[in-house]
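Student: Provided below: work-v3.txt, containing compact mmCIF, C-alpha atoms.
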# COMPACT_ATOMS: atom_id res chain seq x y z
CA MET A 80 0.00 0.00 0.00
CA ALA A 81 1.31 3.42 -0.93
CA ARG A 82 1.71 5.94 1.88
CA ILE A 83 1.40 9.68 1.61
CA ILE A 84 3.76 11.63 3.84
CA VAL A 85 3.33 15.35 4.41
CA VAL A 86 6.31 17.38 5.55
CA THR A 87 4.86 20.38 7.33
CA SER A 88 5.57 22.93 10.05
CA GLY A 89 3.37 25.99 9.88
CA LYS A 90 6.38 28.27 10.26
CA GLY A 91 8.63 29.03 7.32
CA GLY A 92 12.35 28.49 7.08
CA VAL A 93 12.56 25.58 9.51
CA GLY A 94 13.74 23.06 6.91
CA LYS A 95 10.66 21.56 5.26
CA THR A 96 12.10 21.43 1.75
CA THR A 97 15.51 20.26 2.99
CA THR A 98 13.72 17.52 4.90
CA SER A 99 11.41 16.58 2.01
CA ALA A 100 14.39 16.24 -0.32
CA ALA A 101 16.38 14.24 2.21
CA ILE A 102 13.67 11.80 3.22
CA ALA A 103 12.43 11.27 -0.33
CA MET A 104 16.00 10.47 -1.38
CA GLY A 105 16.48 8.29 1.69
CA LEU A 106 13.37 6.22 1.00
CA ALA A 107 14.26 5.88 -2.69
CA LYS A 108 17.83 4.86 -1.82
CA ARG A 109 16.35 2.09 0.30
CA GLY A 110 14.74 0.78 -2.87
CA HIS A 111 11.24 2.18 -2.42
CA LYS A 112 9.83 3.93 -5.45
CA THR A 113 9.19 7.45 -4.21
CA ALA A 114 7.67 10.64 -5.59
CA VAL A 115 8.21 14.02 -3.98
CA ILE A 116 5.75 16.82 -4.74
CA ASP A 117 6.27 20.54 -4.25
CA PHE A 118 3.02 22.12 -3.02
CA ASP A 119 4.44 25.63 -2.81
CA VAL A 120 2.68 27.05 -5.85
CA GLY A 121 4.18 30.36 -6.90
CA LEU A 122 7.36 29.87 -4.86
CA ARG A 123 8.73 26.54 -5.99
CA ASN A 124 12.11 25.57 -4.59
CA LEU A 125 12.17 21.82 -4.25
CA ASP A 126 13.52 21.57 -7.82
CA LEU A 127 16.47 23.72 -6.80
CA ILE A 128 17.21 21.67 -3.67
CA MET A 129 16.97 18.47 -5.71
CA GLY A 130 19.16 19.93 -8.45
CA CYS A 131 16.68 19.45 -11.28
CA GLU A 132 15.63 23.08 -11.85
CA ARG A 133 16.82 23.06 -15.46
CA ARG A 134 14.81 19.97 -16.33
CA VAL A 135 11.39 21.34 -15.34
CA VAL A 136 9.09 21.33 -18.37
CA TYR A 137 5.66 20.66 -16.93
CA ASP A 138 4.47 21.07 -13.35
CA PHE A 139 1.83 19.95 -10.84
CA VAL A 140 -0.77 22.48 -12.04
CA ASN A 141 -0.27 21.46 -15.69
CA VAL A 142 -1.07 17.87 -14.71
CA ILE A 143 -4.14 18.85 -12.70
CA ASN A 144 -5.42 20.93 -15.62
CA GLY A 145 -4.78 18.10 -18.06
CA GLU A 146 -2.20 20.10 -20.01
CA ALA A 147 0.37 17.37 -19.45
CA THR A 148 0.35 13.76 -18.30
CA LEU A 149 1.84 12.76 -14.99
CA ASN A 150 4.66 10.93 -16.77
CA GLN A 151 5.53 14.06 -18.73
CA ALA A 152 5.74 16.17 -15.59
CA LEU A 153 7.58 13.76 -13.29
CA ILE A 154 11.34 14.32 -13.32
CA ARG A 155 13.51 11.30 -12.66
CA ASP A 156 16.24 12.09 -10.16
CA LYS A 157 19.78 12.05 -11.50
CA ASN A 158 21.19 10.27 -8.45
CA CYS A 159 18.55 7.64 -7.86
CA ASN A 160 16.30 6.02 -10.44
CA GLN A 161 13.68 5.15 -7.81
CA LEU A 162 13.00 8.84 -7.13
CA TYR A 163 10.77 11.23 -9.07
CA ILE A 164 10.09 14.91 -8.54
CA LEU A 165 6.86 16.73 -9.33
CA PRO A 166 7.64 20.45 -9.33
CA ALA A 167 5.22 23.19 -8.28
CA SER A 168 3.91 25.72 -10.75
CA GLN A 169 5.24 29.27 -10.70
CA THR A 170 1.78 30.68 -11.41
CA ARG A 171 0.51 33.45 -9.17
CA ASP A 172 -3.02 32.09 -9.30
CA LYS A 173 -3.80 31.09 -5.72
CA ASP A 174 -6.55 28.69 -6.70
CA ALA A 175 -4.44 26.75 -9.19
CA LEU A 176 -4.56 23.68 -6.95
CA SER A 177 -8.01 22.18 -6.57
CA GLN A 178 -8.79 19.71 -3.84
CA GLU A 179 -10.33 17.31 -6.31
CA GLY A 180 -7.39 17.71 -8.70
CA VAL A 181 -4.80 17.02 -6.00
CA GLY A 182 -6.76 13.94 -4.89
CA ARG A 183 -6.90 12.67 -8.46
CA ILE A 184 -3.13 13.04 -9.00
CA LEU A 185 -2.32 11.40 -5.65
CA ASP A 186 -4.60 8.46 -6.50
CA GLU A 187 -2.79 8.05 -9.79
CA LEU A 188 0.62 8.22 -8.08
CA LYS A 189 -0.47 5.68 -5.47
CA LYS A 190 -0.80 3.00 -8.16
CA ASP A 191 2.85 3.26 -9.07
CA PHE A 192 4.72 4.57 -6.01
CA LYS A 193 5.39 3.23 -2.52
CA TYR A 194 5.88 6.62 -0.90
CA ILE A 195 4.57 10.03 -1.90
CA VAL A 196 6.24 12.89 -0.05
CA CYS A 197 4.30 16.17 -0.03
CA ASP A 198 6.49 19.20 0.62
CA SER A 199 4.13 21.70 2.25
CA PRO A 200 4.50 25.47 1.91
CA ALA A 201 4.69 27.54 5.09
CA GLY A 202 1.53 29.00 6.56
CA ILE A 203 -1.95 27.51 6.79
CA GLU A 204 -3.26 28.65 3.43
CA ARG A 205 -4.53 26.53 0.56
CA GLY A 206 -1.21 24.93 -0.45
CA ALA A 207 -0.43 23.87 3.11
CA PHE A 208 -3.98 22.59 3.56
CA LEU A 209 -3.92 20.50 0.39
CA ALA A 210 -0.44 19.14 1.16
CA MET A 211 -1.69 17.66 4.44
CA TYR A 212 -5.30 16.86 3.49
CA TYR A 213 -4.71 13.42 1.97
CA ALA A 214 -1.76 12.43 4.19
CA ASP A 215 -1.30 9.15 6.03
CA ASP A 216 1.79 10.28 7.92
CA ALA A 217 2.94 13.74 8.93
CA PHE A 218 6.51 14.78 9.60
CA ILE A 219 6.34 17.90 11.75
CA VAL A 220 9.54 19.85 11.19
CA THR A 221 10.26 22.00 14.23
CA ASN A 222 13.14 24.20 15.32
CA PRO A 223 13.91 24.40 19.04
CA GLU A 224 12.53 27.91 19.18
CA VAL A 225 9.28 29.40 20.55
CA SER A 226 7.52 30.47 17.36
CA SER A 227 8.29 27.23 15.58
CA VAL A 228 7.03 25.08 18.46
CA ARG A 229 3.85 27.13 18.73
CA ASP A 230 3.17 26.89 15.00
CA SER A 231 3.84 23.15 15.06
CA ASP A 232 1.22 22.75 17.76
CA ARG A 233 -1.21 24.76 15.68
CA MET A 234 -0.46 22.54 12.70
CA LEU A 235 -1.17 19.45 14.82
CA GLY A 236 -4.59 20.88 15.58
CA ILE A 237 -5.25 21.32 11.87
CA LEU A 238 -4.05 17.79 11.05
CA SER A 239 -6.41 16.31 13.63
CA SER A 240 -9.46 18.27 12.56
CA LYS A 241 -9.21 19.27 8.90
CA SER A 242 -7.56 16.30 7.18
CA ARG A 243 -9.38 13.75 5.05
CA ARG A 244 -8.79 11.10 7.70
CA ALA A 245 -10.32 13.37 10.34
CA GLU A 246 -13.29 14.25 8.16
CA HIS A 247 -14.01 10.60 7.38
CA ASN A 248 -13.51 9.47 10.98
CA GLU A 249 -10.69 7.18 9.91
CA GLU A 250 -7.58 6.30 11.88
CA PRO A 251 -5.84 9.66 12.45
CA ILE A 252 -2.71 10.76 10.61
CA LYS A 253 0.45 9.37 12.25
CA GLU A 254 2.39 12.37 13.49
CA TYR A 255 6.17 12.35 13.85
CA LEU A 256 8.47 15.03 15.20
CA LEU A 257 11.64 16.04 13.41
CA LEU A 258 13.63 18.54 15.38
CA THR A 259 15.95 20.42 13.05
CA ARG A 260 18.76 22.97 13.42
CA TYR A 261 19.50 21.54 16.84
CA SER A 262 22.59 22.70 18.66
CA PRO A 263 23.52 20.49 21.65
CA GLU A 264 26.14 23.05 22.73
CA ARG A 265 23.53 25.81 23.03
CA VAL A 266 21.10 23.47 24.77
CA LYS A 267 23.76 22.72 27.34
CA LEU A 268 24.29 26.44 27.90
CA GLY A 269 20.58 26.86 28.51
CA GLU A 270 20.19 28.99 25.40
CA MET A 271 18.05 26.59 23.42
CA LEU A 272 15.03 24.39 24.14
CA SER A 273 16.12 20.78 24.51
CA VAL A 274 14.55 17.77 22.79
CA ASP A 275 12.88 16.91 26.09
CA ASP A 276 11.49 20.44 26.45
CA VAL A 277 9.95 20.32 22.99
CA GLN A 278 8.68 16.79 23.56
CA GLU A 279 7.08 17.83 26.83
CA ILE A 280 5.06 20.43 24.95
CA LEU A 281 4.25 18.63 21.71
CA SER A 282 4.46 14.99 22.90
CA LEU A 283 4.98 13.43 19.50
CA HIS A 284 6.86 10.37 18.37
CA LEU A 285 10.43 11.63 17.88
CA LEU A 286 11.70 10.49 14.51
CA GLY A 287 14.98 12.32 14.67
CA VAL A 288 17.06 15.30 15.67
CA ILE A 289 18.96 16.99 12.85
CA PRO A 290 21.89 19.00 14.15
CA GLU A 291 22.61 22.51 12.93
CA SER A 292 25.13 21.75 10.22
CA LYS A 293 27.19 23.45 7.56
CA SER A 294 26.51 20.50 5.30
CA VAL A 295 22.87 21.60 4.80
CA LEU A 296 23.85 24.84 3.05
CA ASN A 297 26.58 23.04 1.13
CA ALA A 298 24.03 20.51 -0.07
CA SER A 299 21.53 23.13 -1.18
CA ASN A 300 24.30 25.11 -2.89
CA SER A 301 25.07 22.12 -5.05
CA GLY A 302 21.50 20.85 -5.44
CA THR A 303 22.03 17.46 -3.83
CA PRO A 304 19.87 16.32 -0.91
CA VAL A 305 21.97 16.42 2.26
CA ILE A 306 21.29 12.74 2.97
CA LEU A 307 23.68 11.91 0.11
CA ASP A 308 26.48 13.55 2.08
CA GLU A 309 27.03 10.41 4.11
CA LYS A 310 30.00 11.83 5.98
CA SER A 311 28.03 14.78 7.36
CA ASP A 312 26.22 14.76 10.69
CA ALA A 313 22.98 16.05 9.12
CA GLY A 314 23.18 13.42 6.38
CA GLN A 315 23.63 10.66 8.93
CA ALA A 316 20.83 12.06 11.09
CA TYR A 317 18.44 11.93 8.11
CA ALA A 318 19.56 8.37 7.32
CA ASP A 319 18.64 7.46 10.90
CA VAL A 320 15.26 9.15 10.45
CA ILE A 321 14.54 6.93 7.44
CA ALA A 322 15.65 3.81 9.33
CA ARG A 323 13.37 4.67 12.26
CA TYR A 324 10.45 5.48 9.98
CA LEU A 325 10.90 2.07 8.35
CA GLY A 326 10.72 0.44 11.76
CA GLU A 327 14.37 -0.04 12.64
CA ASP A 328 15.66 0.77 16.08
CA ARG A 329 18.38 3.40 16.01
CA PRO A 330 19.83 5.32 18.95
CA HIS A 331 19.74 9.13 18.68
CA ARG A 332 23.30 10.15 17.87
CA PHE A 333 23.09 13.92 17.68
CA ILE A 334 21.30 14.98 20.85
CA ASP A 335 24.39 15.21 23.02
CA GLU A 336 27.47 17.29 22.46
CA LYS A 337 30.36 15.76 20.64
CA LYS A 338 32.64 14.81 23.46
CA GLY A 339 36.30 14.06 23.63
CA LEU A 340 37.65 11.35 25.84
CA PHE A 341 37.93 13.81 28.69
CA GLY A 342 34.30 14.85 28.42
CA LYS A 343 33.16 11.25 28.21
CA LEU A 344 34.99 10.44 31.42
CA PHE A 345 34.26 13.50 33.48
CA GLY A 346 31.36 15.40 31.92
CA SER A 347 27.78 15.19 33.03
CA LYS A 348 25.31 13.23 30.96
CA MET B 157 27.09 17.66 37.32
CA SER B 158 30.43 18.77 36.07
CA LEU B 159 32.19 21.80 37.46
CA LEU B 160 31.25 23.85 34.39
CA ASP B 161 27.55 23.14 34.89
CA TYR B 162 27.75 24.58 38.38
CA PHE B 163 28.62 28.00 37.01
CA ARG B 164 26.16 27.77 34.16
CA THR B 165 23.10 27.09 36.30
CA SER B 166 23.73 30.15 38.42
CA LYS B 167 22.07 32.39 35.81
CA THR B 168 18.47 31.75 34.72
CA SER B 169 18.52 30.20 31.30
CA SER B 170 16.54 31.69 28.47
CA ALA B 171 15.55 28.18 27.39
CA SER B 172 13.64 27.52 30.61
CA LEU B 173 11.88 30.84 30.16
CA ALA B 174 10.95 29.83 26.61
CA LYS B 175 9.61 26.50 27.83
CA GLU B 176 7.52 28.11 30.53
CA ARG B 177 6.01 30.64 28.14
CA LEU B 178 5.27 27.96 25.57
CA GLN B 179 3.61 25.64 28.05
CA ILE B 180 1.17 28.33 29.13
CA LEU B 181 0.47 29.52 25.60
CA VAL B 182 0.03 26.09 24.08
CA ALA B 183 -2.27 24.92 26.88
CA HIS B 184 -4.41 28.01 26.37
CA GLU B 185 -4.55 27.63 22.60
CA ARG B 186 -5.44 23.95 22.86
CA THR B 187 -8.50 24.59 25.02
CA SER B 188 -9.84 27.24 22.68
CA ARG B 189 -9.11 24.97 19.68
CA ASN B 190 -11.45 22.26 20.94
CA GLN B 191 -14.32 24.64 21.52
CA PRO B 192 -17.12 24.83 19.01
CA SER B 193 -16.74 27.79 16.68
CA TYR B 194 -20.18 29.17 17.55
CA LEU B 195 -19.16 29.94 21.12
CA PRO B 196 -18.24 33.65 20.76
CA GLN B 197 -21.40 34.28 18.72
CA LEU B 198 -23.51 32.46 21.32
CA GLN B 199 -21.98 34.57 24.06
CA LYS B 200 -22.68 37.76 22.17
CA GLU B 201 -26.33 36.90 21.45
CA LEU B 202 -26.99 35.75 25.00
CA LEU B 203 -25.61 39.02 26.24
CA GLU B 204 -27.98 40.95 23.96
CA VAL B 205 -31.01 38.97 25.16
CA ILE B 206 -30.18 39.39 28.82
CA ARG B 207 -29.52 43.08 28.36
CA LYS B 208 -33.14 43.52 27.26
CA TYR B 209 -34.14 42.77 30.84
CA VAL B 210 -31.14 43.44 33.05
CA SER B 211 -28.24 45.73 32.50
CA ILE B 212 -25.06 43.69 32.77
CA ASP B 213 -21.48 44.17 31.75
CA GLN B 214 -19.71 42.47 28.87
CA ASP B 215 -17.63 40.39 31.25
CA ALA B 216 -20.54 39.44 33.49
CA ILE B 217 -21.28 36.48 31.28
CA SER B 218 -18.99 33.53 30.75
CA VAL B 219 -19.54 30.58 28.47
CA ASN B 220 -17.41 27.52 29.08
CA PHE B 221 -17.22 24.40 27.03
CA GLU B 222 -15.83 21.20 28.44
CA GLN B 223 -15.36 17.85 26.88
CA ASP B 224 -15.18 14.51 28.66
CA ASP B 225 -14.90 11.07 27.19
CA ASN B 226 -18.58 10.72 26.54
CA GLN B 227 -20.20 14.05 27.25
CA GLU B 228 -19.90 17.69 26.38
CA THR B 229 -20.82 20.32 28.90
CA LEU B 230 -21.76 23.87 28.14
CA GLU B 231 -21.48 25.95 31.27
CA LEU B 232 -23.16 29.33 31.35
CA ASN B 233 -22.43 31.76 34.11
CA ILE B 234 -24.20 35.11 34.38
CA VAL B 235 -23.42 37.48 37.21
CA LEU B 236 -26.41 39.75 37.82
CA PRO B 237 -25.72 43.23 39.15
CA ASP B 238 -26.08 43.92 42.83
CA THR B 239 -29.73 44.98 43.25
CA ASN B 240 -29.07 46.79 46.53
CA LYS B 241 -26.93 49.29 44.73
CA LYS B 242 -29.76 50.33 42.44
CA SER B 243 -32.17 51.26 45.17
What would the structure in this file look like if it were written as structure tokens?

Tutor:
Amino acid sequence: MARIIVVTSGKGGVGKTTTSAAIAMGLAKRGHKTAVIDFDVGLRNLDLIMGCERRVVYDFVNVINGEATLNQALIRDKNCNQLYILPASQTRDKDALSQEGVGRILDELKKDFKYIVCDSPAGIERGAFLAMYYADDAFIVTNPEVSSVRDSDRMLGILSSKSRRAEHNEEPIKEYLLLTRYSPERVKLGEMLSVDDVQEILSLHLLGVIPESKSVLNASNSGTPVILDEKSDAGQAYADVIARYLGEDRPHRFIDEKKGLFGKLFGSK
Amino acid sequence: MSLLDYFRTSKTSSASLAKERLQILVAHERTSRNQPSYLPQLQKELLEVIRKYVSIDQDAISVNFEQDDNQETLELNIVLPDTNKKS
């Protein structure tokens, strides 16, 4: 059975597109045929993060309007042949995405793909609503910071009341927390909310903690999802996220400070 | 606790302040989220009806909605003005 994953947050700039690109690549690398869809109509960026911006011919809205077939619009990833990207349209028409149209395309994708990753735009407007409406699983991307945590909680409320599963009284969307831009050093100094603090407020299943990392900007500069940078901490953290999502048991590696031998022997936990 | 931690905890951390503020805010927003959307309108109309007969203040009426496992309770509280004052 295909599963639809929405990557959402409410707040902008927390790492939704970075996460969408990374997890879509991670799932595809594991051999699951995966499609990743950009729902940010008018401000598409997933193509840039995936490094396929020069291969965009048709987009999501073209497919909904019947101006192109799904196969024409889907871009096969250059690094992984199990991964396809459906770019957003750059139209300024706010109503370009219709609920019925999105449902139709997702149904069509479900026949052929194992995972469909929906990269939500920020906010709670139409694009964000449609990205989460048909979801089976939700990855809530949160920064350890007050406005992001508040917006995530708001998003959880929307997921549990406005989604298709909620409207049809079906089993609710599975919600997972992904804490990004985490800095264990600052947490230790008392300058940043810790994983436990955020968990105490949101109480979600923690899928992973992505450390603040230079590799994320490097990856977006070159248009390769950061998960492909296997030497980087963020890349490894995303690989762990995929493993956990697929049911494997992995310890959290990036919650505590990197410690030298001295710190390991004498530091507090 | 390492020696460094001892010095660090002496000043109040901004993270604990953030957590405290968030806990209060989120708890508040969650209760209002679960309320039916007609509640403010109901409160306003009730106020108008009551004002036809008694003069009361805006904040003299409170409408509370509570949800248990198997029942929903709508609690209405109207504070009538002190009649002694009038006379």

Student: Show me, as a PyMOL selection string, the residues that have an atom within 8 Å of Gly105 of chain A when counting only C-alpha atoms, minus same-chain residues fewer than 5 positions from it.

Tutor: chain A and resi 306+317-318+321

Student: Identify, on the basis of all atoms listed in the file, every residue whose closest approach to Leu235 of chain A does not exceed 12 Å; exclude the query and any residue fewer than 2 positions from it along the same chain; express the result as a PyMOL selection string.

Tutor: (chain A and resi 87-89+203+211+216-221+228-233+237-242+245+251-256+280-283) or (chain B and resi 182+185-186+189)

Student: Provide as a PyMOL selection string the residues of chain A at most 8 Å from chain B, counting only C-alpha atoms.

Tutor: chain A and resi 224-225+228-229+232+236+266+268-273+276-277+280+345-348

Student: Neighbouring residues of segment 197-205 of chain B were defined as those with any atom within 8 Å, considering all atoms listed in the file; residues of the same chain fewer than 2 positions away were excluded. Please report them as an MDAnalysis selection string.

Tutor: chainID B and resid 194:195 207:209 214 217:219

Student: Counting all atoms listed in the file, figure out which residue out of A:Asp191, A:Pro290, A:Met80, A:Asp215 gets nearest to Glu249 of chain A.

Tutor: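 Under the stated criterion, the closest residue is A:Asp215.
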
Student: Would it be fine to have segment 181-192 of chain B, with N, CA and C atoms, given as a CSV table (one decimal), in the first residue's frame?

Tutor:
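Saved the output as selection13.csv:
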chain,number,residue,atom,x,y,z
B,181,LEU,N,1.1,29.1,26.9
B,181,LEU,CA,0.5,29.5,25.6
B,181,LEU,C,-0.2,28.3,24.9
B,182,VAL,N,0.5,27.2,24.8
B,182,VAL,CA,0.0,26.1,24.1
B,182,VAL,C,-1.2,25.5,24.8
B,183,ALA,N,-1.1,25.4,26.1
B,183,ALA,CA,-2.3,24.9,26.9
B,183,ALA,C,-3.5,25.8,26.6
B,184,HIS,N,-3.3,27.1,26.6
B,184,HIS,CA,-4.4,28.0,26.4
B,184,HIS,C,-5.0,27.8,25.0
B,185,GLU,N,-4.1,27.7,24.0
B,185,GLU,CA,-4.5,27.6,22.6
B,185,GLU,C,-5.2,26.3,22.3
B,186,ARG,N,-4.8,25.3,23.1
B,186,ARG,CA,-5.4,24.0,22.9
B,186,ARG,C,-6.9,23.9,23.4
B,187,THR,N,-7.1,24.6,24.5
B,187,THR,CA,-8.5,24.6,25.0
B,187,THR,C,-9.4,25.4,24.1
B,188,SER,N,-8.9,26.5,23.6
B,188,SER,CA,-9.8,27.2,22.7
B,188,SER,C,-10.0,26.5,21.3
B,189,ARG,N,-9.0,25.7,21.0
B,189,ARG,CA,-9.1,25.0,19.7
B,189,ARG,C,-10.2,24.0,19.7
B,190,ASN,N,-10.4,23.3,20.9
B,190,ASN,CA,-11.4,22.3,20.9
B,190,ASN,C,-12.9,22.8,21.1
B,191,GLN,N,-13.0,24.1,21.3
B,191,GLN,CA,-14.3,24.6,21.5
B,191,GLN,C,-15.0,24.8,20.2
B,192,PRO,N,-16.4,24.6,20.3
B,192,PRO,CA,-17.1,24.8,19.0
B,192,PRO,C,-17.0,26.3,18.5
